[in-house]
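Chemist: Quick one: structure below, then a few questions.
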Amino acid sequence: EHKHEVKVSAEGRRYVSDLTMISLEPSDTEAVEGVMRTAAKYRSVGHTDMNAVSSRSHSVFTLHLMAVHPENRQTLRGTLNLVDLAGSERLDRSKVTGDRAKEAMAINKSLSSLTDVFVSIGKKAAHIPFRNSKLTYLLQPSLSGDGKTLMLANLSPTEMSTSESLCSLRFASQVNKCELGKAKRSLEEVDEEDAISISSSMSSTSRKKPGKASAKTARRPVVKPGKTRAPNGLPAPRRK
């Protein structure tokens with residue numbers, strides 16, 4: 001079993017080790033839905049006294065977007081993170097033991113780390129504890145002024161879940177105090193050779209038949225001396 005780590009490339013981009021990145025044409029809805037179904041299939045769920053299909057982990061779906069302008073030798077990059085947070089869990093109500101109890105404690109700990117990050121952002125603290133959990137470290141670019149973040153809080157309608165609902169409302173209140181500032185556009189410059197290479201790679205993907213997506217692993221590729229490349233194998237452009 002692989003141990004996935006959140007790492008930062010030389011260009012400052014977050015990525016997770018030992019994962020597969022799949023190239024998709026945005027208009028190929030069948031391929032996009034296929035990837036979403038695969039992700040859902042691997043979501044960890046389990047039975048507890050509170051929920052027959054309780055989420056036993058957070059789920060993060062990351063979409064990397066890139067556009068290239070060969071004539072201007074520029075690329076525009078963006079990242080969309082769709083995060084489904086597992087809910088906090090009280091062991092006295094869920095009645096879980098063993099591995100399920102360890103999962104619950106890990107979930108609660110990461111949610112506490114996320115709360116600490118929002119509290120620090122809300123107070124405009126000099127230090128934001130992004131490194132306290134893998135979740136917050138992965139989401140650091142989205143929560144540190146480079147992008148925009150939207151959070152939806154779900155509440156249980158049952159009276160017996162009043163305590164959990166109050167916790168969710170307090171959490172949402174902390175998030176509501178945060179100001180991330182104006183999102184930044186990630187416009188980068190590449191040399192002519194790299195611009196043509198990226199454009200050709202994107203064109204090749206768009207010509208693939210519907211439902212066929214090319215998979216690219218996050219392993220470091222072999223490159224020529226003097227050339228640096230990002231974890232996805234594409235040239236490492238200069239940020240403008």
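By convention in this document, the chains of the structure tokens carry letters A, B, ... by their order, each chain's residues are numbered from 1, and ligands are numbered from 1 in the order they are shown.
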Would you pick out the contacts of Val119 (chain A) at 9 Å or less, using only C-alpha atoms, so that residues sharing its chain but fewer than 4 positions from it are not included, and give the list as a PyMOL selection string?
Modeler: chain A and resi 114-115+123-125+128+174-175+177-178
Chemist: Store the residues picked out above, limited to N, CA and C atoms, as a PDB file, in the first residue's frame.
Modeler:
```pdb
ATOM      1  N   LEU A 114      -8.168  22.079  10.582  1.00  0.00           N
ATOM      2  CA  LEU A 114      -8.792  22.990   9.621  1.00  0.00           C
ATOM      3  C   LEU A 114      -9.414  24.183  10.345  1.00  0.00           C
ATOM      4  N   THR A 115     -10.030  23.925  11.484  1.00  0.00           N
ATOM      5  CA  THR A 115     -10.599  25.014  12.286  1.00  0.00           C
ATOM      6  C   THR A 115      -9.507  25.975  12.743  1.00  0.00           C
ATOM      7  N   LYS A 123      -8.176  35.930  12.278  1.00  0.00           N
ATOM      8  CA  LYS A 123      -7.474  36.878  13.147  1.00  0.00           C
ATOM      9  C   LYS A 123      -6.323  37.578  12.433  1.00  0.00           C
ATOM     10  N   LYS A 124      -6.101  37.204  11.156  1.00  0.00           N
ATOM     11  CA  LYS A 124      -4.985  37.756  10.370  1.00  0.00           C
ATOM     12  C   LYS A 124      -3.652  37.521  11.083  1.00  0.00           C
ATOM     13  N   ALA A 125      -3.495  36.322  11.616  1.00  0.00           N
ATOM     14  CA  ALA A 125      -2.280  35.967  12.341  1.00  0.00           C
ATOM     15  C   ALA A 125      -1.085  35.904  11.395  1.00  0.00           C
ATOM     16  N   ILE A 128       0.079  30.882   9.947  1.00  0.00           N
ATOM     17  CA  ILE A 128      -1.102  30.051   9.715  1.00  0.00           C
ATOM     18  C   ILE A 128      -0.647  28.591   9.761  1.00  0.00           C
ATOM     19  N   GLN A 174     -16.710  30.503  12.176  1.00  0.00           N
ATOM     20  CA  GLN A 174     -15.279  30.811  12.075  1.00  0.00           C
ATOM     21  C   GLN A 174     -14.869  31.038  10.621  1.00  0.00           C
ATOM     22  N   VAL A 175     -15.396  30.197   9.742  1.00  0.00           N
ATOM     23  CA  VAL A 175     -15.062  30.328   8.324  1.00  0.00           C
ATOM     24  C   VAL A 175     -15.578  31.658   7.771  1.00  0.00           C
ATOM     25  N   LYS A 177     -15.688  34.444   9.073  1.00  0.00           N
ATOM     26  CA  LYS A 177     -14.878  35.595   9.488  1.00  0.00           C
ATOM     27  C   LYS A 177     -13.627  35.766   8.625  1.00  0.00           C
ATOM     28  N   CYS A 178     -13.380  34.818   7.751  1.00  0.00           N
ATOM     29  CA  CYS A 178     -12.131  34.831   6.973  1.00  0.00           C
ATOM     30  C   CYS A 178     -12.247  35.682   5.719  1.00  0.00           C
TER      31      CYS A 178
END
```
Chemist: If you count only C-alpha atoms, which residues fall within 12 Å of Ser186 (chain A), apart from same-chain ones fewer than 3 positions away, as a list in words?
Modeler: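 So, after excluding close chain neighbours, the residues are Glu11, Gly12, Arg13, Leu65, Met66, Ala67, Val68, Gln74, Thr75, Leu76, Arg77, Gly78, Thr79, Pro141, Asp146, Gly147, Ala183, Glu189, Pro237, Arg238, Arg239 and Lys240 of chain A.
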Chemist: Could you save those same residues with N, CA and C atoms as a PDB file, in the first residue's frame?
Modeler:
```pdb
ATOM      1  N   GLU A  11       8.321  24.734  -8.589  1.00  0.00           N
ATOM      2  CA  GLU A  11       7.553  25.900  -9.033  1.00  0.00           C
ATOM      3  C   GLU A  11       6.512  26.330  -8.008  1.00  0.00           C
ATOM      4  N   GLY A  12       6.471  25.606  -6.865  1.00  0.00           N
ATOM      5  CA  GLY A  12       5.556  25.985  -5.809  1.00  0.00           C
ATOM      6  C   GLY A  12       4.171  25.386  -5.901  1.00  0.00           C
ATOM      7  N   ARG A  13       3.985  24.362  -6.737  1.00  0.00           N
ATOM      8  CA  ARG A  13       2.664  23.743  -6.891  1.00  0.00           C
ATOM      9  C   ARG A  13       2.527  22.527  -5.989  1.00  0.00           C
ATOM     10  N   LEU A  65      -6.444  22.675 -14.591  1.00  0.00           N
ATOM     11  CA  LEU A  65      -6.816  23.285 -15.868  1.00  0.00           C
ATOM     12  C   LEU A  65      -5.631  24.059 -16.436  1.00  0.00           C
ATOM     13  N   MET A  66      -5.442  23.968 -17.751  1.00  0.00           N
ATOM     14  CA  MET A  66      -4.351  24.698 -18.378  1.00  0.00           C
ATOM     15  C   MET A  66      -4.747  25.133 -19.788  1.00  0.00           C
ATOM     16  N   ALA A  67      -4.468  26.387 -20.110  1.00  0.00           N
ATOM     17  CA  ALA A  67      -4.670  26.912 -21.452  1.00  0.00           C
ATOM     18  C   ALA A  67      -3.343  27.469 -21.932  1.00  0.00           C
ATOM     19  N   VAL A  68      -3.066  27.338 -23.213  1.00  0.00           N
ATOM     20  CA  VAL A  68      -1.788  27.798 -23.753  1.00  0.00           C
ATOM     21  C   VAL A  68      -2.018  28.708 -24.957  1.00  0.00           C
ATOM     22  N   GLN A  74       2.613  31.909 -23.674  1.00  0.00           N
ATOM     23  CA  GLN A  74       2.086  32.036 -22.334  1.00  0.00           C
ATOM     24  C   GLN A  74       1.160  30.861 -22.007  1.00  0.00           C
ATOM     25  N   THR A  75       1.130  30.487 -20.744  1.00  0.00           N
ATOM     26  CA  THR A  75       0.186  29.479 -20.274  1.00  0.00           C
ATOM     27  C   THR A  75      -0.598  30.055 -19.098  1.00  0.00           C
ATOM     28  N   LEU A  76      -1.834  29.625 -18.994  1.00  0.00           N
ATOM     29  CA  LEU A  76      -2.695  30.028 -17.890  1.00  0.00           C
ATOM     30  C   LEU A  76      -3.121  28.760 -17.168  1.00  0.00           C
ATOM     31  N   ARG A  77      -2.827  28.686 -15.886  1.00  0.00           N
ATOM     32  CA  ARG A  77      -3.106  27.478 -15.123  1.00  0.00           C
ATOM     33  C   ARG A  77      -4.092  27.770 -13.999  1.00  0.00           C
ATOM     34  N   GLY A  78      -4.865  26.754 -13.665  1.00  0.00           N
ATOM     35  CA  GLY A  78      -5.807  26.882 -12.556  1.00  0.00           C
ATOM     36  C   GLY A  78      -6.058  25.520 -11.929  1.00  0.00           C
ATOM     37  N   THR A  79      -6.493  25.509 -10.696  1.00  0.00           N
ATOM     38  CA  THR A  79      -6.788  24.265  -9.987  1.00  0.00           C
ATOM     39  C   THR A  79      -8.115  24.398  -9.264  1.00  0.00           C
ATOM     40  N   PRO A 141      -2.786  26.579  -0.990  1.00  0.00           N
ATOM     41  CA  PRO A 141      -2.910  27.587  -2.048  1.00  0.00           C
ATOM     42  C   PRO A 141      -4.329  28.156  -2.158  1.00  0.00           C
ATOM     43  N   ASP A 146      -4.421  32.877  -2.959  1.00  0.00           N
ATOM     44  CA  ASP A 146      -4.210  32.622  -4.385  1.00  0.00           C
ATOM     45  C   ASP A 146      -5.518  32.298  -5.114  1.00  0.00           C
ATOM     46  N   GLY A 147      -6.566  31.964  -4.359  1.00  0.00           N
ATOM     47  CA  GLY A 147      -7.812  31.565  -5.010  1.00  0.00           C
ATOM     48  C   GLY A 147      -9.027  31.958  -4.193  1.00  0.00           C
ATOM     49  N   ALA A 183      -8.344  36.970  -5.710  1.00  0.00           N
ATOM     50  CA  ALA A 183      -7.681  35.816  -6.330  1.00  0.00           C
ATOM     51  C   ALA A 183      -6.642  36.289  -7.350  1.00  0.00           C
ATOM     52  N   GLU A 189       5.085  32.430 -18.406  1.00  0.00           N
ATOM     53  CA  GLU A 189       5.758  32.502 -19.696  1.00  0.00           C
ATOM     54  C   GLU A 189       6.586  31.247 -19.928  1.00  0.00           C
ATOM     55  N   PRO A 237       7.308  26.542 -16.435  1.00  0.00           N
ATOM     56  CA  PRO A 237       7.393  27.897 -16.970  1.00  0.00           C
ATOM     57  C   PRO A 237       7.836  28.909 -15.921  1.00  0.00           C
ATOM     58  N   ARG A 238       8.116  30.111 -16.402  1.00  0.00           N
ATOM     59  CA  ARG A 238       8.496  31.201 -15.519  1.00  0.00           C
ATOM     60  C   ARG A 238       7.262  31.983 -15.184  1.00  0.00           C
ATOM     61  N   ARG A 239       7.020  32.217 -13.874  1.00  0.00           N
ATOM     62  CA  ARG A 239       5.835  32.952 -13.437  1.00  0.00           C
ATOM     63  C   ARG A 239       5.986  34.425 -13.736  1.00  0.00           C
ATOM     64  N   LYS A 240       4.893  35.007 -14.277  1.00  0.00           N
ATOM     65  CA  LYS A 240       4.937  36.422 -14.611  1.00  0.00           C
ATOM     66  C   LYS A 240       4.388  37.260 -13.458  1.00  0.00           C
TER      67      LYS A 240
END
```
Chemist: For Tyr15 (chain A), list every protein, DNA or RNA residue within 8 Å, evaluated using only C-alpha atoms, and leave out those in the same chain fewer than 3 positions away; present the list as a list of chain:residue names.
Modeler: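 Returned residues: A:Val6, A:Lys7, A:Val8, A:Ser9, A:Leu138, A:Pro231.
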Chemist: For the selection you just gave me, I'd like the residues written to a file as a PDB file, in the first residue's frame, keeping N, CA and C atoms.
Modeler:
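Written file, out19.pdb:
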```pdb
ATOM      1  N   VAL A   6       1.860  14.853   0.627  1.00  0.00           N
ATOM      2  CA  VAL A   6       1.640  16.138  -0.041  1.00  0.00           C
ATOM      3  C   VAL A   6       2.998  16.805  -0.208  1.00  0.00           C
ATOM      4  N   LYS A   7       3.342  17.098  -1.455  1.00  0.00           N
ATOM      5  CA  LYS A   7       4.653  17.681  -1.736  1.00  0.00           C
ATOM      6  C   LYS A   7       4.495  18.969  -2.541  1.00  0.00           C
ATOM      7  N   VAL A   8       5.575  19.727  -2.603  1.00  0.00           N
ATOM      8  CA  VAL A   8       5.591  20.989  -3.344  1.00  0.00           C
ATOM      9  C   VAL A   8       6.696  20.926  -4.385  1.00  0.00           C
ATOM     10  N   SER A   9       6.349  21.215  -5.634  1.00  0.00           N
ATOM     11  CA  SER A   9       7.338  21.180  -6.710  1.00  0.00           C
ATOM     12  C   SER A   9       8.233  22.412  -6.629  1.00  0.00           C
ATOM     13  N   LEU A 138      -2.445  20.500   1.804  1.00  0.00           N
ATOM     14  CA  LEU A 138      -2.841  20.355   0.407  1.00  0.00           C
ATOM     15  C   LEU A 138      -3.656  21.555  -0.071  1.00  0.00           C
ATOM     16  N   PRO A 231       5.864  18.233 -11.750  1.00  0.00           N
ATOM     17  CA  PRO A 231       5.581  16.825 -11.457  1.00  0.00           C
ATOM     18  C   PRO A 231       4.730  16.132 -12.502  1.00  0.00           C
TER      19      PRO A 231
END
```
Chemist: Please determine, counting only C-alpha atoms, which residue among A:Asn176, A:Tyr137, A:Leu166, A:His64 has the shortest atom-to-atom distance to Leu24 (chain A).
Modeler: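 Residue with the minimum atom-to-atom distance to Leu24 (chain A): A:His64.
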Chemist: Fewer than 6 positions away in the same chain doesn't count, so skip those; otherwise give me all residues within 12 Å of Leu169 (chain A), counting only C-alpha atoms, as a list in words.
Modeler: Leu152, Ala153, Asn154, Leu155, Ser156, Thr162, Ser163, Val175 and Asn176 of chain A
Chemist: Counting only C-alpha atoms, what is within 12 Å of Ala86 (chain A), bar same-chain residues fewer than 6 positions away, as a short mmCIF file (atom, residue, chain, number, x, y, z; two decimals) with C-alpha atoms, in the first residue's frame?
Modeler:
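As written to disk, around-v5.cif reads:
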```
data_model
loop_
_atom_site.label_atom_id
_atom_site.label_comp_id
_atom_site.auth_asym_id
_atom_site.auth_seq_id
_atom_site.Cartn_x
_atom_site.Cartn_y
_atom_site.Cartn_z
CA ARG A 43 -14.40 6.48 -1.17
CA SER A 44 -13.96 4.87 2.24
CA VAL A 45 -17.31 4.26 3.99
CA GLY A 46 -18.38 2.08 6.91
CA ASN A 51 -24.94 6.12 9.76
CA VAL A 53 -22.73 4.50 5.05
CA SER A 54 -20.60 6.80 7.19
CA SER A 55 -17.68 8.50 5.45
CA ARG A 56 -14.45 7.22 7.01
CA SER A 57 -12.22 9.78 5.31
CA HIS A 58 -12.30 13.13 3.60
CA SER A 59 -12.55 13.11 -0.19
CA VAL A 60 -10.61 15.52 -2.41
CA GLU A 103 -10.63 6.64 11.70
CA ALA A 104 -13.02 8.78 13.74
CA MET A 105 -10.18 10.24 15.82
CA ALA A 106 -8.15 10.98 12.67
CA ILE A 107 -11.16 12.72 11.09
CA ASN A 108 -11.79 14.81 14.21
CA LYS A 109 -8.10 15.75 14.46
CA SER A 110 -7.92 16.96 10.84
CA LEU A 111 -11.15 18.96 11.27
CA LEU A 135 -5.63 18.27 4.38
CA ALA A 153 -22.24 23.31 5.90
CA ASN A 154 -24.73 20.46 6.24
CA SER A 168 -21.10 22.69 12.52
#
```
Chemist: Excluding Phe130 (chain A) and residues on its chain fewer than 6 positions from it, collect all residues at most 7 Å away from it, counting only C-alpha atoms, and give them as a tab-separated table (two decimals) with C-alpha atoms, in the first residue's frame.
Modeler:
```tsv
chain	number	residue	atom	x	y	z
A	117	VAL	CA	-6.35	27.46	10.11
A	136	THR	CA	-4.73	21.85	5.27
A	137	TYR	CA	-1.28	21.56	3.67
A	140	GLN	CA	-2.94	25.91	1.41
```
Chemist: Do a neighbour search on Arg90 (chain A) at 12 Å with only C-alpha atoms, toss out local chain neighbours closer than 3 positions, and write the hits as a ChimeraX atom specification.
Modeler: /A:48-50,87,93-97,100-101,103-105,107-108,161,163-164,167
Chemist: Write out, as a tab-separated table (two decimals), in the first residue's frame, the residues just selected, with C-alpha atoms.
Modeler:
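Saved result, out.tsv, follows:
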```tsv
chain	number	residue	atom	x	y	z
A	48	THR	CA	-21.77	2.96	12.53
A	49	ASP	CA	-24.71	3.33	14.91
A	50	MET	CA	-25.27	6.82	13.49
A	87	GLY	CA	-18.32	14.90	9.59
A	93	ARG	CA	-22.91	7.91	19.79
A	94	SER	CA	-21.34	6.08	16.85
A	95	LYS	CA	-20.27	3.17	19.10
A	96	VAL	CA	-17.32	2.38	16.82
A	97	THR	CA	-14.29	0.45	18.04
A	100	ARG	CA	-13.30	2.57	12.97
A	101	ALA	CA	-12.50	4.41	16.21
A	103	GLU	CA	-10.63	6.64	11.70
A	104	ALA	CA	-13.02	8.78	13.74
A	105	MET	CA	-10.18	10.24	15.82
A	107	ILE	CA	-11.16	12.72	11.09
A	108	ASN	CA	-11.79	14.81	14.21
A	161	SER	CA	-28.05	15.60	16.57
A	163	SER	CA	-24.88	18.96	19.55
A	164	GLU	CA	-23.30	18.08	16.20
A	167	CYS	CA	-20.56	22.34	16.28
```
Chemist: Could you state the separation of CA of Thr158 (chain A) and CA of Lys41 (chain A) in Å, given to one decimal place?
Modeler: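 One can read the CA of Thr158 (chain A) to CA of Lys41 (chain A) distance as 28.5 Å.
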Chemist: According to DSSP computed on the backbone, where in region 59-130 of chain A is there alpha helix (DSSP H)? Give the residues as a ChimeraX atom specification.
Modeler: /A:91-94,98-122
Chemist: Quick one, how far is CA of Leu180 (chain A) from CA of Ala126 (chain A)?
Modeler: 13.9 Å
Chemist: Between A:Leu85, A:Ala10, A:Val16, A:Met21, single out the one closest to Leu63 (chain A), counting only C-alpha atoms.
Modeler: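 Closest residue, counting only C-alpha atoms: A:Met21.
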